[in-house]
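Each remark here refers to the structure printed beneath this line.
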Protein chains: 2
Amino acid sequence: MEGMKGTSWQQRYSAPEIYTIRCRISDKPGMLARLCSVIGELGANIGEIRQIDVGEGYKIRDIRVYLAEKDTLKAITERLDNSEGIKVEQVIDDVMEIHRRGSIDVKSRVPIRSLTDLRMLYTPGVAEVCKRIVDDRSASWDYTGICDRVAIVTNGTAVLGLGDIGPLEGLPVMEGKAAIFAEFVDISAFPLLIDTKDADEFVETVVRVADGFGAVQLEDVAAPECFEIEQKLRDKLDIPVFHDDQHGTATITLAALINCLKITGKKAEDCRLIMLGAGAAGIAISKILLEFGIGDIVVYDSAGALYKGRKEKMNPYKKELAEITNKNNQTCSFEEGFSDKDIFIGVSRPDMVSKDMIRVMNPDPIVLPLSNPLGEISKEDALAAGAAVTADGRDINNALAYPGIFRGALDARAPEITLQMQIAAANKIAELAPAEELLPDILDREVHRQAANAVSAAAGK
Amino acid sequence: MEGMKGTSWQQRYSAPEIYTIRCRISDKPGMLARLCSVIGELGANIGEIRQIDVGEGYKIRDIRVYLAEKDTLKAITERLDNSEGIKVEQVIDDVMEIHRRGSIDVKSRVPIRSLTDLRMLYTPGVAEVCKRIVDDRSASWDYTGICDRVAIVTNGTAVLGLGDIGPLEGLPVMEGKAAIFAEFVDISAFPLLIDTKDADEFVETVVRVADGFGAVQLEDVAAPECFEIEQKLRDKLDIPVFHDDQHGTATITLAALINCLKITGKKAEDCRLIMLGAGAAGIAISKILLEFGIGDIVVYDSAGALYKGRKEKMNPYKKELAEITNKNNQTCSFEEGFSDKDIFIGVSRPDMVSKDMIRVMNPDPIVLPLSNPLGEISKEDALAAGAAVTADGRDINNALAYPGIFRGALDARAPEITLQMQIAAANKIAELAPAEELLPDILDREVHRQAANAVSAAAGK
């Protein structure tokens with residue numbers, strides 16, 4: 001797996017800090033080489049180099065750099081400024097700049113060039129459109145944007161790895177998700193920030209505004225409230241409600257696992273799986289894998305194995321999970337739990353798994369340490385300990401799953417997104433991966449389109 | 001005023017029904033003339049004629065027609081089908097087609113062409129943007145879209161002239177307003193349909209989601225709840241809350257009136273005004289005109305003149321209005337009320353005003369019968385009865401006011417939209433009207449830009 005295209009790019013660009021350094025450089029031989037070597041020596045990756053301007057005896061160049069940490073930037077600019085013939089003119093934080101004034105816009109689909117355009121779009125023409133919907137409410141799917149419109153709803157209680165930072169503080173994430181929806185599947189998604197941590201108030205608010213949307217994506221809502229909120233919204237609304245941190249993660253994990261099984265020649269029903277993490281993602285992954293046909297799953301959390309009758313650190317969701325997992329009511333320690341297992345999936349914290357644990361697994365183990373930003377074990381260590389296939393949280397990205405799932409559900413005017421629809425998406429995404437890779441190219445619109453078609457087809461069943 | 005460009009186009013295109021008739025026409029001399037005369041004889045206006053296809057011995061043409069009423073369409077297609085050499089192939093309802101799948105889209109401002117793009121837009125890069133807002137909440141104005149984002153909020157209780165049709169049924173209007181925002185002033189407006197008629201629930205819902213917006217436009221909410229809702233939202237939110245049916249109408253009415261005064265040589269402080277209608281628009285227009293400096297206003301409703309101490313058909317909003325209008329506590333009938341008045345403004349129902357009423361007004365009266373779709377008196381009758389200037393609800397369009405007002409308020413990061421900001425918009429819009437016209441071209445982006453700048457400047461005062 002080391003040489004996989006699917007992982008190599010991610011390693012190359014895993015540096016989260018991206019800057020553009022604008023330099024004024026003397027127009028003498030060897031200057032660009034000197035500049036590049038300064039940057040390279042400090043451990044930064046150089047991306048695009050653009051020539052911005054040429055003056056008498058100098059050039060202005062923009063050099064994009066990828067850094068593992070922000071401190072490196074200061075070192076680079078100091079070293080450059082101290083190099084003869086190089087002067088740093090400006091440093092642009094490319095990530096911040098991409099988010100300046102937000103990453104999404106609402107646009108008119110109708111150009112307003114004439115008064116006739118305006119009169120058709122707005123009054124008096126629009127009255128006819130309203131009357132059509134008064135006559136037949138379902139015409140709103142034809143003559144308004146709800147056929148393409150998703151609410152991305154959050155209260156900001158579990159934003160990325162940042163935790164409970166609040167909804168406004170999480171807005172850049174919601175805008176990013178909306179931008180992905182727009183770019184990949186022409187869905188018009190709109191962030192809705194709900195300023196409450198109370199599950200009932202949250203539900204009440206979403207129900208009151210749901211008429212304007214074709215589907216609801218719950219996002220970055222902390223467990224266990226996210227379960228209650230999702231269930232209540234599903235009960236009250238007749239449009240899909242989908243908590244991406246649960247079901248998007250579960251779907252794309254299944255897609256990757258399908259190809260892991262293919263590569264290792266394992267059969268789903270023969271596989272025993274050890275999972276670390278009984279939170280939102282762990283529960284959702286367990287459910288979809290069981291529905292898909294994985295033989296058995298033993299879920300661990302900080303109180304050990306989840307089993308029928310366990311009393312410590314339980315909640316209704318874990319209790320439900322205990323009923324459908326751990327067929328043999330295994331109660332051994334997490335370390336001992338690896339014996340006899342074919343698959344490990346981690347959705348907990350970094351560095352929870354040792355090489356020794358992997359070594360006792362069944363032959364050709366599949367190791368998916370998905371915690372972010374670092375896995376439960378590094379992929380290198382997993383491979384060194386004998387993993388046949390491994391992928392981490394950076395390889396397995398929700399954004400490969402949710403756009404197609406929502407597009408397919410909206411196209412089918414589905415009232416909900418079922419496990420069968422998610423499994424259809426996972427099968428199609430897995431099928432579209434190039435040979436020897438776990439997942440297809442996330443940038444390929446055709447992948448999202450085909451996943452959507454598969455979801456639409458499954459919605460009819 | 002009859003020959004004014006500002007009114008002529010509106011008369012020409014006042015027909016609300018717009019269709020495209022696709023005909024297969026024999027390729028013989030005189031056929032197009034025959035087709036046009038059939039359509040013309042039935043009283044329809046012909047717009048664009050496009051040639052779609054040429055076959056052996058025939059042509060396919062699309063003919064756009066403007067009709068006063070839908071019934072004419074059937075007559076036209078029947079007559080055309082009975083004309084030798086003409087066959088109607090398809091009739092397209094252009095208004096419905098413009099609204100198909102809605103009139104707005106959410107788009108990404110950032111193209112996603114590479115994995116680096118994705119990593120800057122979304123995880124892991126976006127975490128840095130969130131952290132910036134955690135450190136300084138006001139950075140959300142720089143690094144999210146709230147600087148351009150308006151919620152268009154309705155419960156659908158007073159949609160156009162259609163009444164209480166419900167929020168989903170009013171959605172095409174909200175989308176139309178959002179499309180206008182996008183096209184005219186690059187504002188990203190998003191319809192929020194609130195499914196409640198209870199004022200407190202409405203307020204609570206908007207307050208809970210307001211974090212994601214830079215301003216709130218209330219739209220098509222019935223009186224008197226609209227007053228309570230607006231006031232409570234203004235009290236609770238630190239962003240502008242603006243009920244367009246009140247204040248947008250008031251602003252553009254003032255703009256037109258400023259030019260009416262200029263044309264007639266009247267001074268605001270010397271003018272006495274008779275208003276018919278004490279609903280949302282009437283109250284808002286009265287307040288802005290008094291703030292602007294109109295000498296006195298006497299407001300009439302179905303119970304007669306509004307005066308201090310009146311008991312019939314009062315509410316708190318009319319009581320407040322009675323305190324600031326009708327200086328002489330005039331109690332005469334509506335008909336008698338026209339004596340001694342310089343200006344009539346109607347925001348009530350069609351056909352409430354006779355020529356005789358206009359005839360008793362002061363010399364060079366200004367007559368603005370704004371009720372929709374037909375005025376309190378027709379412009380023709382007003383002119384025949386001696387009006388020096390007249391304009392109706394089709395001449396005076398909110399969409400010339402609200403885009404610039406919101407753009408200016410957002411640019412200034414104003415916490416509210418004050419009467420002074422509205423008056424600044426009205427003065428600027430009036431100033432930009434061509435000589436002898438009441439208002440400038442609504443399609444001219446520069447008008448909206450300059451109105452926005454005037455509003456921004458007034459926000460600082």
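The chains in the structure tokens are called A, B, ... from first to last as shown; in each chain the residues are counted from 1, and the ligands are counted from 1 in the order shown.
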Can you tell me which residues surround B:Asn453 at a distance of at most 10 Å, considering only C-alpha atoms, apart from same-chain residues fewer than 5 positions away, and format the answer as a ChimeraX atom specification?
/B:404-405,407-409,411-412,424-425,428,447-448,458-459
With only C-alpha atoms as the counted atoms, please give the residues lying no more than 6 Å from A:Ile60, apart from itself and same-chain residues fewer than 2 positions off, as an MDAnalysis selection string.
chainID A and resid 23:24 52:53
Selection above as a file: N, CA, C and O atoms, as a CSV table (one decimal), in the first residue's frame:
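Written output follows (again-v6.csv):
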chain,number,residue,atom,x,y,z
A,23,CYS,N,8.6,37.4,-3.3
A,23,CYS,CA,10.0,37.9,-3.1
A,23,CYS,C,10.4,38.8,-4.3
A,23,CYS,O,10.0,38.6,-5.4
A,24,ARG,N,11.3,39.7,-3.9
A,24,ARG,CA,11.9,40.5,-5.0
A,24,ARG,C,13.3,40.0,-5.1
A,24,ARG,O,14.1,39.9,-4.1
A,52,ILE,N,5.6,37.3,-11.2
A,52,ILE,CA,4.6,38.4,-11.1
A,52,ILE,C,5.0,39.6,-11.8
A,52,ILE,O,4.1,40.3,-12.5
A,53,ASP,N,6.2,40.0,-11.8
A,53,ASP,CA,6.7,41.2,-12.4
A,53,ASP,C,8.2,41.1,-12.7
A,53,ASP,O,8.9,40.4,-12.0
Which neighbours of stretch 398-402 of chain B fall inside 9 Å, counting only C-alpha atoms, when residues of the same chain fewer than 2 positions from it are skipped, and could you give them as a ChimeraX atom specification?
/B:177,180-181,244-245,247-253,255,396,404-407,422,425-426,429,439-443,447-448,451
Using only C-alpha atoms, which protein or nucleic acid residues come within 12 Å of A:Asp164? Drop anything in the same chain fewer than 2 positions from it, and give the result as a VMD selection string.
(chain A and resid 154 to 162 166 to 170 196 to 197 220 to 223) or (chain B and resid 130 to 131 134)
Would you export the selected residues with N, CA and C atoms as an mmCIF file, in the first residue's frame, please?
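File result-v1.cif, as written:
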data_model
loop_
_atom_site.group_PDB
_atom_site.id
_atom_site.type_symbol
_atom_site.label_atom_id
_atom_site.label_comp_id
_atom_site.auth_asym_id
_atom_site.auth_seq_id
_atom_site.Cartn_x
_atom_site.Cartn_y
_atom_site.Cartn_z
ATOM 1 N N THR A 154 -25.765 22.829 12.263
ATOM 2 C CA THR A 154 -24.831 22.534 13.346
ATOM 3 C C THR A 154 -25.106 23.434 14.540
ATOM 4 N N ASN A 155 -24.707 22.965 15.726
ATOM 5 C CA ASN A 155 -24.644 23.862 16.874
ATOM 6 C C ASN A 155 -23.200 24.032 17.337
ATOM 7 N N GLY A 156 -22.284 23.508 16.537
ATOM 8 C CA GLY A 156 -20.865 23.740 16.790
ATOM 9 C C GLY A 156 -20.311 23.085 18.030
ATOM 10 N N THR A 157 -20.947 21.981 18.467
ATOM 11 C CA THR A 157 -20.490 21.353 19.713
ATOM 12 C C THR A 157 -19.385 20.316 19.507
ATOM 13 N N ALA A 158 -19.121 19.943 18.246
ATOM 14 C CA ALA A 158 -18.040 18.965 17.998
ATOM 15 C C ALA A 158 -17.439 19.246 16.630
ATOM 16 N N VAL A 159 -16.767 20.386 16.505
ATOM 17 C CA VAL A 159 -16.239 20.826 15.218
ATOM 18 C C VAL A 159 -14.842 20.243 14.993
ATOM 19 N N LEU A 160 -14.714 19.422 13.968
ATOM 20 C CA LEU A 160 -13.429 18.784 13.639
ATOM 21 C C LEU A 160 -12.816 18.229 14.917
ATOM 22 N N GLY A 161 -11.530 18.433 15.092
ATOM 23 C CA GLY A 161 -10.919 18.019 16.349
ATOM 24 C C GLY A 161 -10.927 19.146 17.373
ATOM 25 N N LEU A 162 -11.620 20.237 17.075
ATOM 26 C CA LEU A 162 -11.553 21.425 17.925
ATOM 27 C C LEU A 162 -12.547 21.394 19.066
ATOM 28 N N GLY A 166 -18.537 26.324 19.203
ATOM 29 C CA GLY A 166 -19.693 27.181 18.897
ATOM 30 C C GLY A 166 -19.980 27.220 17.409
ATOM 31 N N PRO A 167 -21.245 27.556 17.064
ATOM 32 C CA PRO A 167 -21.653 27.467 15.667
ATOM 33 C C PRO A 167 -20.987 28.491 14.746
ATOM 34 N N LEU A 168 -20.877 29.744 15.180
ATOM 35 C CA LEU A 168 -20.252 30.748 14.311
ATOM 36 C C LEU A 168 -18.793 30.393 14.062
ATOM 37 N N GLU A 169 -18.148 29.893 15.103
ATOM 38 C CA GLU A 169 -16.750 29.520 14.995
ATOM 39 C C GLU A 169 -16.569 28.318 14.066
ATOM 40 N N GLY A 170 -17.612 27.507 13.928
ATOM 41 C CA GLY A 170 -17.538 26.358 13.029
ATOM 42 C C GLY A 170 -18.005 26.672 11.610
ATOM 43 N N THR A 196 -28.056 26.733 20.127
ATOM 44 C CA THR A 196 -28.560 26.091 21.339
ATOM 45 C C THR A 196 -27.877 24.740 21.490
ATOM 46 N N LYS A 197 -27.662 24.354 22.749
ATOM 47 C CA LYS A 197 -27.128 23.019 23.013
ATOM 48 C C LYS A 197 -28.229 22.073 23.462
ATOM 49 N N ASP A 220 -21.217 18.041 12.858
ATOM 50 C CA ASP A 220 -20.429 18.514 13.992
ATOM 51 C C ASP A 220 -21.272 18.803 15.226
ATOM 52 N N VAL A 221 -22.232 17.907 15.486
ATOM 53 C CA VAL A 221 -23.029 17.946 16.711
ATOM 54 C C VAL A 221 -22.495 16.837 17.614
ATOM 55 N N ALA A 222 -22.238 17.168 18.871
ATOM 56 C CA ALA A 222 -21.587 16.224 19.783
ATOM 57 C C ALA A 222 -22.508 15.064 20.158
ATOM 58 N N ALA A 223 -21.895 13.909 20.391
ATOM 59 C CA ALA A 223 -22.606 12.771 20.973
ATOM 60 C C ALA A 223 -22.731 13.011 22.472
ATOM 61 N N CYS B 130 -11.237 28.440 11.625
ATOM 62 C CA CYS B 130 -12.100 28.343 12.812
ATOM 63 C C CYS B 130 -11.388 28.902 14.035
ATOM 64 N N LYS B 131 -10.122 28.536 14.187
ATOM 65 C CA LYS B 131 -9.366 28.989 15.362
ATOM 66 C C LYS B 131 -9.253 30.508 15.382
ATOM 67 N N VAL B 134 -12.394 31.677 16.796
ATOM 68 C CA VAL B 134 -12.433 31.401 18.236
ATOM 69 C C VAL B 134 -11.662 32.491 18.981
#
Shell of 10 Å around A:Asp117, only C-alpha atoms, local chain residues under 5 positions omitted, as a PDB file with all heavy atoms, in the first residue's frame:
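What landed in result-v9.pdb:
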ATOM      1  N   VAL A 110     -30.937  33.145 -13.036  1.00  0.00           N
ATOM      2  CA  VAL A 110     -31.614  33.862 -14.106  1.00  0.00           C
ATOM      3  C   VAL A 110     -30.935  35.220 -14.266  1.00  0.00           C
ATOM      4  O   VAL A 110     -30.941  36.019 -13.334  1.00  0.00           O
ATOM      5  CB  VAL A 110     -33.092  34.089 -13.715  1.00  0.00           C
ATOM      6  CG1 VAL A 110     -33.861  34.706 -14.867  1.00  0.00           C
ATOM      7  CG2 VAL A 110     -33.731  32.800 -13.238  1.00  0.00           C
ATOM      8  N   PRO A 111     -30.336  35.495 -15.410  1.00  0.00           N
ATOM      9  CA  PRO A 111     -29.764  36.829 -15.584  1.00  0.00           C
ATOM     10  C   PRO A 111     -30.882  37.871 -15.622  1.00  0.00           C
ATOM     11  O   PRO A 111     -31.954  37.609 -16.174  1.00  0.00           O
ATOM     12  CB  PRO A 111     -29.061  36.741 -16.942  1.00  0.00           C
ATOM     13  CG  PRO A 111     -29.655  35.581 -17.640  1.00  0.00           C
ATOM     14  CD  PRO A 111     -30.213  34.651 -16.608  1.00  0.00           C
ATOM     15  N   ILE A 112     -30.650  39.032 -14.992  1.00  0.00           N
ATOM     16  CA  ILE A 112     -31.666  40.093 -15.010  1.00  0.00           C
ATOM     17  C   ILE A 112     -31.149  41.185 -15.934  1.00  0.00           C
ATOM     18  O   ILE A 112     -30.449  42.096 -15.509  1.00  0.00           O
ATOM     19  CB  ILE A 112     -31.942  40.641 -13.601  1.00  0.00           C
ATOM     20  CG1 ILE A 112     -32.276  39.493 -12.639  1.00  0.00           C
ATOM     21  CG2 ILE A 112     -33.096  41.648 -13.636  1.00  0.00           C
ATOM     22  CD1 ILE A 112     -32.556  39.924 -11.221  1.00  0.00           C
ATOM     23  N   TYR A 122     -39.691  38.110 -10.638  1.00  0.00           N
ATOM     24  CA  TYR A 122     -40.266  38.704  -9.427  1.00  0.00           C
ATOM     25  C   TYR A 122     -41.695  39.122  -9.771  1.00  0.00           C
ATOM     26  O   TYR A 122     -42.330  38.499 -10.610  1.00  0.00           O
ATOM     27  CB  TYR A 122     -39.345  39.882  -9.043  1.00  0.00           C
ATOM     28  CG  TYR A 122     -39.581  40.501  -7.704  1.00  0.00           C
ATOM     29  CD1 TYR A 122     -39.668  39.736  -6.545  1.00  0.00           C
ATOM     30  CD2 TYR A 122     -39.682  41.892  -7.592  1.00  0.00           C
ATOM     31  CE1 TYR A 122     -39.869  40.337  -5.312  1.00  0.00           C
ATOM     32  CE2 TYR A 122     -39.871  42.500  -6.357  1.00  0.00           C
ATOM     33  CZ  TYR A 122     -39.966  41.726  -5.227  1.00  0.00           C
ATOM     34  OH  TYR A 122     -40.156  42.329  -4.010  1.00  0.00           O
ATOM     35  N   GLY A 125     -44.954  38.335 -12.327  1.00  0.00           N
ATOM     36  CA  GLY A 125     -44.950  36.965 -12.829  1.00  0.00           C
ATOM     37  C   GLY A 125     -44.921  35.893 -11.762  1.00  0.00           C
ATOM     38  O   GLY A 125     -45.595  34.863 -11.859  1.00  0.00           O
TER      39      GLY A 125
ATOM     40  N   ASP B  94     -43.207  30.791 -20.050  1.00  0.00           N
ATOM     41  CA  ASP B  94     -41.867  31.305 -19.759  1.00  0.00           C
ATOM     42  C   ASP B  94     -41.664  31.650 -18.291  1.00  0.00           C
ATOM     43  O   ASP B  94     -40.574  31.472 -17.754  1.00  0.00           O
ATOM     44  CB  ASP B  94     -41.572  32.542 -20.619  1.00  0.00           C
ATOM     45  CG  ASP B  94     -41.364  32.163 -22.085  1.00  0.00           C
ATOM     46  OD1 ASP B  94     -40.999  31.009 -22.336  1.00  0.00           O
ATOM     47  OD2 ASP B  94     -41.564  33.024 -22.959  1.00  0.00           O
ATOM     48  N   VAL B  95     -42.724  32.157 -17.650  1.00  0.00           N
ATOM     49  CA  VAL B  95     -42.590  32.504 -16.237  1.00  0.00           C
ATOM     50  C   VAL B  95     -42.328  31.249 -15.415  1.00  0.00           C
ATOM     51  O   VAL B  95     -41.401  31.190 -14.597  1.00  0.00           O
ATOM     52  CB  VAL B  95     -43.848  33.234 -15.722  1.00  0.00           C
ATOM     53  CG1 VAL B  95     -43.784  33.406 -14.213  1.00  0.00           C
ATOM     54  CG2 VAL B  95     -44.004  34.582 -16.418  1.00  0.00           C
ATOM     55  N   ILE B  98     -38.739  29.922 -15.966  1.00  0.00           N
ATOM     56  CA  ILE B  98     -37.675  30.667 -15.279  1.00  0.00           C
ATOM     57  C   ILE B  98     -37.541  30.207 -13.833  1.00  0.00           C
ATOM     58  O   ILE B  98     -36.468  30.242 -13.240  1.00  0.00           O
ATOM     59  CB  ILE B  98     -37.959  32.187 -15.369  1.00  0.00           C
ATOM     60  CG1 ILE B  98     -37.311  32.723 -16.634  1.00  0.00           C
ATOM     61  CG2 ILE B  98     -37.459  32.926 -14.131  1.00  0.00           C
ATOM     62  CD1 ILE B  98     -37.137  34.212 -16.649  1.00  0.00           C
TER      63      ILE B  98
END
From atom CA of B:Ser286 to atom CA of B:Arg349 the spacing works out at 17.6 Å
One decimal, in Å: what's the spacing between atom CA of B:Leu192 and atom CA of A:Leu193?
12.5 Å
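The environment of A:Glu97 within 12 Å, counting only C-alpha atoms and disregarding residues fewer than 3 places along the same chain, consists of Ile18, Tyr19, Thr20, Val91, Ile92, Asp93, Asp94, Arg100, Arg101, Gly102 and Ser103 of chain A; Arg109, Val110, Asp117, Met120, Leu121, Gly125, Val126, Glu128, Val129, Asp142, Tyr143 and Thr144 of chain B.
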Would you give me, as a PyMOL selection string, the residues in stretch 101-333 of chain A that DSSP reads as strand (DSSP E or B)?
chain A and resi 104-108+149-154+159+163+188-193+215-218+241-243+272-276+296-301+304-305
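Atom to atom, atom CA of A:Ser371 and atom CA of A:Met314 stand 21.8 Å apart.
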Near B:Ile294, within 9 Å and counting only C-alpha atoms, which residues show up once chain neighbours fewer than 6 positions away are dropped, as a PDB file with C-alpha atoms, in the first residue's frame?
ATOM      1  CA  LYS B 267     -41.508  72.507  -0.461  1.00  0.00           C
ATOM      2  CA  ALA B 268     -41.770  69.482   1.827  1.00  0.00           C
ATOM      3  CA  GLU B 269     -42.490  71.490   4.975  1.00  0.00           C
ATOM      4  CA  ASP B 270     -45.355  73.355   3.288  1.00  0.00           C
ATOM      5  CA  CYS B 271     -47.051  70.189   2.063  1.00  0.00           C
ATOM      6  CA  ARG B 272     -50.116  68.627   3.601  1.00  0.00           C
ATOM      7  CA  LEU B 273     -50.611  64.984   2.686  1.00  0.00           C
TER       8      LEU B 273
END
Please, which residues of stretch 256-415 of chain B, numbered as in this document, come out helix (DSSP H, G or I) from DSSP, as a PyMOL selection string?
chain B and resi 256-264+268-270+280-292+316-324+334-337+355-359+379-384+398-400+402-411
